[in-house]
Every structure is written in C-alpha cells, then in structure tokens.
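**Q** This is the structure, below, for whatever I ask next.
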Amino acid sequence: MNELFEFVFTAAGPVTALVIIALWLSRRPASTSARRFAIGLAIVYCACSIRLLAVGASRLLTIGYHQFAADDVGTGPTAIVLLGAGDEFIEGWTEHMTLTLPPEGARVLEAARVFRLISPAWIISSGGPARTSHANEATGVTMREELVQLGVPRDRILIETASRNTREEALVIEPMLRTLGNPQVVLVTSHTHMRRSMGALRAVGIAAIPAIARDPRPEVPLSEWILPTGRALRVSGEVVHELFGIPYYWLRGWWRS
C-alpha cells in the first residue's frame, strides 16, 4: 500500500494520468467522460499540491496533540520509542552513505530534545531497511548515529531493525519493552503519523505518551503556501495514507482508540 500512495502522490501520478487522458482523447476526441475525468483529476491534483490545503487537512490528524513537555511524563523508568520514516541511500564512486529524510530527521531532533528534557533510561530507535538492497542501512541504525551526533549516549540507545511498517514496529517493540521491565513509554513520530502509531501500540498493550515531531519545513515563502508544489503533494499523500491507514488497521484489529 505504501508503494501505491508514493506512486499517486509523486510526479509519477499526474504524469501517468496525463498519458492515460492523452490516449483516451486520441481514441475518442469527443468523449465527454474523458474531458470530465481530465478536469476532475486536474482539480484534485491542484488542490493536493497546494500547501495551505495540505497542511490544513493534516490538522485533522493532530487534534488533541501538543508539543511534549517534561511534566507530561510521570516518575519512574522511561523509554523513548522513536519510529523511523525512511532514509535516502546515496552512492558515490567508491563509498556510500545513508541519510535521514526530512520527516525522519524531525523525529530524531524531537527524540533528542525529549531525551534532554527527561533523561530516560533508554531510547529505542526503530526501523528496518527502507529498501531491499543489502547496501541500504537499516533506519534504526541510521537514526541511532544521528542521535549520537546530537549528544545522546550510544549506550542508552537500543535499535530495532526487523520491522517494515508501523504494525511490525509495534509487534517487535512490545517484547523489547517487557525485557526492560515495562517502563513508561514516550512515543516520538511525525504529527500526522502519531494517531495511527498510538493506536497500533495500544493494540499490542502499550500505553504511550505522544511527543509529536515538528513539521520539518514550517517556514516557507508565501508562494509555496498558495501555488502547487511537489512538497505539498507529498504532504497530501501522507495525510491520505493515514486517513486510509487508520480504518484499515482498525478493521484488521491492529489499532485501538
């Protein structure tokens, strides 16, 4: 399903739609259905590509969440659970490197901030390889290295590299927490991803405290708020993914309110 949303809400989606419309009209130039389809698709993609509308829609997923503060958590052992969001594998002539994408980078920054606020016993850095390539480092490892650069002690970071999605992260993290004595959990993920993630953890018996990561690009020129951009299209894709993902998880028994 992730691949489908990535296809529809990147350049591949509108380009494919244009090809389909062009072929349709070339075969049936007078087709009213083809013209209506073209107009409807243009309106949808235009709306999804405007940041003002995309960010406004994302607020539906963040109702009730706020910036994490130290007094949000009680006393006793605490673990931060940091969920991955995908990395970028970069290959040179002789070497390669893996970098966090902006949404994941924002999560790492929030995890480091929360760590400094509450000094938890552990951080669980969670996420498997973003692609099947053997050269691509697991997300959990990449985020650990970023956390260390931000001043988090390496020996306080545990990594989870087997999961491929939010459901699998919940399943793998639950036994890890049990081996740590079931500490209270602070969950760090993107603001749009938090609602589905909280429900996924509840479904496996984990009650977490949310710590939403900030939008990685909150300050942009006015033109990017009102004109279509590829970044806004990706934000819309994230929102639609979550709006479909929550009921899908609920139907499968993977999400609890």
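Residues in the structure tokens are named by chain (A, B, ... in the order shown) and by number from 1 within that chain; ligands are numbered from 1 in the order shown.
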With 8 Å as the cut-off and only C-alpha atoms counted, what is the closest atom pair between each nearby residue of region 93-192 of chain A and region 197-219 of chain A? Distances in Å to one decimal, ordered by chain and number, as a Markdown table.

**A**
```
| residue | atom | partner | partner_atom | distance |
| --- | --- | --- | --- | --- |
| A:Pro102 | CA | A:Pro216 | CA | 5.9 |
| A:Pro103 | CA | A:Pro216 | CA | 6.1 |
| A:Gly105 | CA | A:Pro216 | CA | 7.7 |
| A:Ala106 | CA | A:Pro216 | CA | 5.5 |
| A:Arg107 | CA | A:Ala213 | CA | 5.1 |
| A:Leu109 | CA | A:Ala213 | CA | 7.7 |
| A:Glu110 | CA | A:Ala213 | CA | 5.4 |
| A:Val114 | CA | A:Ala211 | CA | 7.9 |
| A:Thr166 | CA | A:Ser197 | CA | 6.6 |
| A:Arg167 | CA | A:Ala200 | CA | 6.2 |
| A:Ala170 | CA | A:Leu201 | CA | 5.3 |
| A:Leu171 | CA | A:Val204 | CA | 6.8 |
| A:Glu174 | CA | A:Val204 | CA | 6.9 |
| A:Gln184 | CA | A:Ala208 | CA | 7.0 |
| A:Val185 | CA | A:Ala208 | CA | 4.9 |
| A:Val186 | CA | A:Ile209 | CA | 4.6 |
| A:Leu187 | CA | A:Pro210 | CA | 5.0 |
| A:Val188 | CA | A:Ala211 | CA | 4.9 |
| A:Thr189 | CA | A:Ile212 | CA | 5.7 |
| A:Ser190 | CA | A:Ala213 | CA | 4.8 |
| A:His191 | CA | A:Ile212 | CA | 4.9 |
```

**Q** Could you take the residues named above and write them with all heavy atoms, as a compact mmCIF listing (two decimals), in the first residue's frame?

**A**
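Just written: part-v9.txt:
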```txt
# COMPACT_ATOMS: atom_id res chain seq x y z
N PRO A 102 13.74 14.36 5.52
CA PRO A 102 13.28 15.42 6.44
C PRO A 102 12.28 14.97 7.51
O PRO A 102 12.46 15.33 8.68
CB PRO A 102 12.68 16.46 5.49
CG PRO A 102 13.50 16.31 4.25
CD PRO A 102 13.76 14.84 4.13
N PRO A 103 11.23 14.19 7.18
CA PRO A 103 10.32 13.78 8.26
C PRO A 103 11.02 12.97 9.34
O PRO A 103 10.75 13.14 10.54
CB PRO A 103 9.26 12.95 7.52
CG PRO A 103 9.31 13.44 6.12
CD PRO A 103 10.75 13.75 5.86
N GLY A 105 14.27 13.09 10.01
CA GLY A 105 15.18 13.99 10.71
C GLY A 105 14.48 14.78 11.79
O GLY A 105 15.02 14.99 12.89
N ALA A 106 13.24 15.22 11.50
CA ALA A 106 12.47 15.95 12.51
C ALA A 106 12.16 15.06 13.71
O ALA A 106 12.17 15.52 14.86
CB ALA A 106 11.17 16.48 11.89
N ARG A 107 11.91 13.78 13.46
CA ARG A 107 11.65 12.85 14.56
C ARG A 107 12.91 12.66 15.42
O ARG A 107 12.82 12.61 16.66
CB ARG A 107 11.20 11.49 14.01
CG ARG A 107 9.91 11.54 13.21
CD ARG A 107 9.51 10.14 12.73
NE ARG A 107 8.39 10.20 11.78
CZ ARG A 107 7.76 9.14 11.30
NH1 ARG A 107 8.15 7.92 11.67
NH2 ARG A 107 6.77 9.26 10.44
N LEU A 109 15.34 14.80 15.83
CA LEU A 109 15.53 16.03 16.60
C LEU A 109 14.60 16.07 17.81
O LEU A 109 15.00 16.49 18.90
CB LEU A 109 15.30 17.25 15.71
CG LEU A 109 16.36 17.52 14.63
CD1 LEU A 109 15.89 18.63 13.71
CD2 LEU A 109 17.69 17.90 15.28
N GLU A 110 13.36 15.64 17.64
CA GLU A 110 12.41 15.63 18.75
C GLU A 110 12.83 14.61 19.80
O GLU A 110 12.73 14.88 21.01
CB GLU A 110 11.00 15.34 18.24
CG GLU A 110 9.94 15.22 19.34
CD GLU A 110 9.74 16.49 20.16
OE1 GLU A 110 10.31 17.54 19.81
OE2 GLU A 110 8.99 16.41 21.16
N VAL A 114 13.51 15.49 23.67
CA VAL A 114 12.82 14.82 24.77
C VAL A 114 13.84 14.14 25.69
O VAL A 114 13.69 14.16 26.92
CB VAL A 114 11.81 13.80 24.22
CG1 VAL A 114 11.20 12.97 25.36
CG2 VAL A 114 10.71 14.52 23.45
N THR A 166 4.46 0.20 10.53
CA THR A 166 4.06 0.57 11.89
C THR A 166 3.55 -0.62 12.68
O THR A 166 3.85 -0.76 13.87
CB THR A 166 2.98 1.67 11.83
OG1 THR A 166 3.46 2.76 11.05
CG2 THR A 166 2.63 2.16 13.22
N ARG A 167 2.79 -1.48 12.05
CA ARG A 167 2.28 -2.68 12.73
C ARG A 167 3.43 -3.56 13.22
O ARG A 167 3.44 -4.01 14.36
CB ARG A 167 1.38 -3.46 11.79
CG ARG A 167 1.02 -4.89 12.25
CD ARG A 167 0.24 -4.89 13.54
NE ARG A 167 -0.19 -6.26 13.87
CZ ARG A 167 -0.82 -6.59 14.99
NH1 ARG A 167 -1.05 -5.68 15.91
NH2 ARG A 167 -1.19 -7.83 15.20
N ALA A 170 5.24 -2.10 16.24
CA ALA A 170 4.54 -2.34 17.50
C ALA A 170 4.78 -3.76 18.00
O ALA A 170 5.04 -3.98 19.19
CB ALA A 170 3.04 -2.09 17.31
N LEU A 171 4.73 -4.75 17.10
CA LEU A 171 4.91 -6.14 17.48
C LEU A 171 6.32 -6.42 17.98
O LEU A 171 6.51 -7.22 18.91
CB LEU A 171 4.59 -7.06 16.30
CG LEU A 171 3.12 -7.13 15.87
CD1 LEU A 171 2.99 -7.92 14.57
CD2 LEU A 171 2.26 -7.75 16.97
N GLU A 174 7.08 -4.33 21.57
CA GLU A 174 6.41 -4.79 22.79
C GLU A 174 7.27 -5.76 23.60
O GLU A 174 7.46 -5.56 24.81
CB GLU A 174 5.06 -5.41 22.42
CG GLU A 174 4.15 -5.69 23.62
CD GLU A 174 4.43 -7.02 24.28
OE1 GLU A 174 4.89 -7.95 23.58
OE2 GLU A 174 4.20 -7.14 25.51
N GLN A 184 7.46 3.22 31.40
CA GLN A 184 6.53 4.09 30.70
C GLN A 184 7.16 4.53 29.39
O GLN A 184 8.39 4.63 29.28
CB GLN A 184 6.15 5.29 31.57
CG GLN A 184 7.29 6.12 32.05
CD GLN A 184 6.84 7.17 33.06
OE1 GLN A 184 5.67 7.56 33.11
NE2 GLN A 184 7.76 7.65 33.89
N VAL A 185 6.33 4.76 28.40
CA VAL A 185 6.82 4.97 27.03
C VAL A 185 6.44 6.36 26.54
O VAL A 185 5.29 6.79 26.68
CB VAL A 185 6.22 3.91 26.08
CG1 VAL A 185 6.59 4.21 24.64
CG2 VAL A 185 6.71 2.52 26.49
N VAL A 186 7.42 7.04 25.96
CA VAL A 186 7.17 8.28 25.23
C VAL A 186 7.38 7.97 23.76
O VAL A 186 8.47 7.54 23.35
CB VAL A 186 8.11 9.41 25.68
CG1 VAL A 186 7.88 10.66 24.81
CG2 VAL A 186 7.91 9.74 27.15
N LEU A 187 6.34 8.13 22.97
CA LEU A 187 6.40 7.80 21.55
C LEU A 187 6.72 9.05 20.74
O LEU A 187 6.03 10.06 20.83
CB LEU A 187 5.06 7.22 21.10
CG LEU A 187 4.93 6.89 19.60
CD1 LEU A 187 5.92 5.82 19.20
CD2 LEU A 187 3.50 6.48 19.28
N VAL A 188 7.76 8.95 19.91
CA VAL A 188 8.16 10.06 19.04
C VAL A 188 7.94 9.66 17.59
O VAL A 188 8.50 8.67 17.11
CB VAL A 188 9.64 10.44 19.25
CG1 VAL A 188 10.04 11.54 18.26
CG2 VAL A 188 9.89 10.90 20.68
N THR A 189 7.11 10.43 16.91
CA THR A 189 6.91 10.25 15.48
C THR A 189 6.35 11.55 14.90
O THR A 189 6.13 12.51 15.64
CB THR A 189 5.98 9.05 15.18
OG1 THR A 189 5.99 8.79 13.77
CG2 THR A 189 4.56 9.30 15.65
N SER A 190 6.10 11.58 13.61
CA SER A 190 5.58 12.79 12.96
C SER A 190 4.17 13.08 13.44
O SER A 190 3.43 12.17 13.84
CB SER A 190 5.58 12.61 11.44
OG SER A 190 6.87 12.33 10.97
N HIS A 191 3.77 14.35 13.37
CA HIS A 191 2.45 14.73 13.86
C HIS A 191 1.34 14.02 13.10
O HIS A 191 0.34 13.61 13.68
CB HIS A 191 2.28 16.26 13.80
CG HIS A 191 2.40 16.84 12.42
ND1 HIS A 191 3.57 16.81 11.71
CD2 HIS A 191 1.50 17.48 11.64
CE1 HIS A 191 3.38 17.40 10.54
NE2 HIS A 191 2.14 17.81 10.47
```

**Q** Residues within 6 Å of Ser126 (chain A), please, as a list in words. Count only C-alpha atoms; anything in the same chain fewer than 3 positions from it doesn't count.

**A** Leu82, Leu83, Gly84, Gly140, Ile159 and Glu160 of chain A

**Q** Any chance you could export the current selection's all heavy atoms as a compact mmCIF listing (two decimals), in the first residue's frame?

**A**
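again_33.txt was written with the following content:
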```txt
# COMPACT_ATOMS: atom_id res chain seq x y z
N LEU A 82 11.32 5.74 19.25
CA LEU A 82 11.46 6.60 18.07
C LEU A 82 11.19 5.77 16.82
O LEU A 82 11.90 4.80 16.55
CB LEU A 82 12.89 7.18 18.03
CG LEU A 82 13.32 7.89 16.75
CD1 LEU A 82 12.44 9.11 16.47
CD2 LEU A 82 14.80 8.29 16.85
N LEU A 83 10.16 6.15 16.08
CA LEU A 83 9.78 5.41 14.87
C LEU A 83 10.42 6.02 13.63
O LEU A 83 10.43 7.24 13.46
CB LEU A 83 8.25 5.39 14.71
CG LEU A 83 7.45 4.81 15.87
CD1 LEU A 83 5.97 4.76 15.51
CD2 LEU A 83 7.96 3.44 16.27
N GLY A 84 10.93 5.17 12.76
CA GLY A 84 11.58 5.64 11.55
C GLY A 84 10.60 6.08 10.48
O GLY A 84 9.41 5.75 10.52
N GLY A 140 16.77 2.10 11.84
CA GLY A 140 17.09 2.15 13.26
C GLY A 140 18.55 2.48 13.50
O GLY A 140 18.89 3.22 14.44
N ILE A 159 18.44 -0.57 19.37
CA ILE A 159 17.96 -0.49 17.99
C ILE A 159 17.09 -1.70 17.65
O ILE A 159 17.28 -2.79 18.19
CB ILE A 159 19.10 -0.35 16.97
CG1 ILE A 159 20.07 -1.55 17.05
CG2 ILE A 159 19.84 0.95 17.16
CD1 ILE A 159 21.08 -1.56 15.93
N GLU A 160 16.14 -1.44 16.78
CA GLU A 160 15.24 -2.47 16.25
C GLU A 160 15.29 -2.33 14.75
O GLU A 160 14.98 -1.28 14.21
CB GLU A 160 13.82 -2.24 16.81
CG GLU A 160 12.77 -3.19 16.28
CD GLU A 160 12.29 -2.85 14.89
OE1 GLU A 160 11.71 -1.78 14.69
OE2 GLU A 160 12.51 -3.70 13.99
```

**Q** How many Å lie between CA of Met194 (chain A) and CA of Asp72 (chain A), rounded to one decimal?

**A**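 So the two atoms, CA of Met194 (chain A) and CA of Asp72 (chain A), lie 16.0 Å apart.
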
**Q** With only C-alpha atoms as the counted atoms, please give the residues lying no more than 12 Å from region 51-60 of chain A, apart from itself and same-chain residues fewer than 3 positions off, as a PyMOL selection string.

**A** chain A and resi 9+44-48+63-66+190-195+215+217-243

**Q** Check the smallest atom-to-atom distance from each of A:Val19, A:Val108, A:Ala162, A:Ile124 to Pro183 (chain A) using only C-alpha atoms, then report the winner.

**A**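 Residue with the minimum atom-to-atom distance to Pro183 (chain A): A:Ile124.
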
**Q** For a quick check of understanding, using only C-alpha atoms, which of A:Val172, A:Met143, A:Leu61, A:Leu177 has the smallest distance to Phe244 (chain A)?

**A**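 Among the listed residues, A:Leu61 lies closest to Phe244 (chain A).
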
**Q** May I ask for the distance between CA of Phe68 (chain A) and CA of Thr161 (chain A), given in Å to one decimal place?

**A**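 Separation between CA of Phe68 (chain A) and CA of Thr161 (chain A): 26.0 Å.
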
**Q** List every residue of region 1-195 of chain A that DSSP, applied to the backbone of this structure, places in helix (DSSP H, G or I), and write the result as number ranges by chain.

**A** A: 2-8, 12-27, 32-48, 51-61, 70-72, 102-118, 139-149, 154-156, 166-179, 194-195

**Q** Select from region 17-193 of chain A everything DSSP, run on the backbone, classes as strand (DSSP E), then give the selection as an MDAnalysis selection string.

**A** chainID A and resid 78:83 87:91 96:100 122:126 157:160 184:190

**Q** Output C-alpha atoms for every residue in the selection just made, as a PDB file, in the first residue's frame.

**A**
```pdb
ATOM      1  CA  THR A  78      11.039   5.710  30.962  1.00  0.00           C
ATOM      2  CA  ALA A  79      11.843   4.647  27.417  1.00  0.00           C
ATOM      3  CA  ILE A  80      11.565   6.803  24.315  1.00  0.00           C
ATOM      4  CA  VAL A  81      10.329   4.888  21.272  1.00  0.00           C
ATOM      5  CA  LEU A  82      11.462   6.598  18.074  1.00  0.00           C
ATOM      6  CA  LEU A  83       9.778   5.410  14.871  1.00  0.00           C
ATOM      7  CA  ASP A  87      16.151   7.101   4.610  1.00  0.00           C
ATOM      8  CA  GLU A  88      17.945   8.086   1.431  1.00  0.00           C
ATOM      9  CA  PHE A  89      20.761   5.834   0.204  1.00  0.00           C
ATOM     10  CA  ILE A  90      23.473   7.802  -1.605  1.00  0.00           C
ATOM     11  CA  GLU A  91      26.188   6.003  -3.556  1.00  0.00           C
ATOM     12  CA  HIS A  96      28.134   5.203   0.096  1.00  0.00           C
ATOM     13  CA  MET A  97      26.133   6.784   2.894  1.00  0.00           C
ATOM     14  CA  THR A  98      22.602   6.732   4.279  1.00  0.00           C
ATOM     15  CA  LEU A  99      20.878   9.968   5.330  1.00  0.00           C
ATOM     16  CA  THR A 100      17.582  10.596   7.073  1.00  0.00           C
ATOM     17  CA  TRP A 122      16.602   4.146  27.048  1.00  0.00           C
ATOM     18  CA  ILE A 123      15.775   5.210  23.520  1.00  0.00           C
ATOM     19  CA  ILE A 124      14.551   2.515  21.154  1.00  0.00           C
ATOM     20  CA  SER A 125      15.462   3.504  17.598  1.00  0.00           C
ATOM     21  CA  SER A 126      13.085   1.528  15.411  1.00  0.00           C
ATOM     22  CA  ILE A 157      20.174   3.616  22.594  1.00  0.00           C
ATOM     23  CA  LEU A 158      18.663   0.265  21.642  1.00  0.00           C
ATOM     24  CA  ILE A 159      17.960  -0.491  17.995  1.00  0.00           C
ATOM     25  CA  GLU A 160      15.238  -2.470  16.254  1.00  0.00           C
ATOM     26  CA  GLN A 184       6.526   4.092  30.704  1.00  0.00           C
ATOM     27  CA  VAL A 185       6.816   4.969  27.035  1.00  0.00           C
ATOM     28  CA  VAL A 186       7.170   8.282  25.230  1.00  0.00           C
ATOM     29  CA  LEU A 187       6.397   7.802  21.549  1.00  0.00           C
ATOM     30  CA  VAL A 188       8.163  10.063  19.041  1.00  0.00           C
ATOM     31  CA  THR A 189       6.908  10.245  15.476  1.00  0.00           C
ATOM     32  CA  SER A 190       5.580  12.787  12.961  1.00  0.00           C
TER      33      SER A 190
END
```

**Q** Quote the spacing between CA of Asp155 (chain A) and CA of Ala111 (chain A) in Å to one decimal place.

**A** 15.5 Å

**Q** Taking only C-alpha atoms into account, name the residue in A:Arg178, A:Arg164, A:Arg154, A:Arg113 that is nearest to Gly128 (chain A).

**A**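 For Gly128 (chain A), the nearest of the candidates is A:Arg164.
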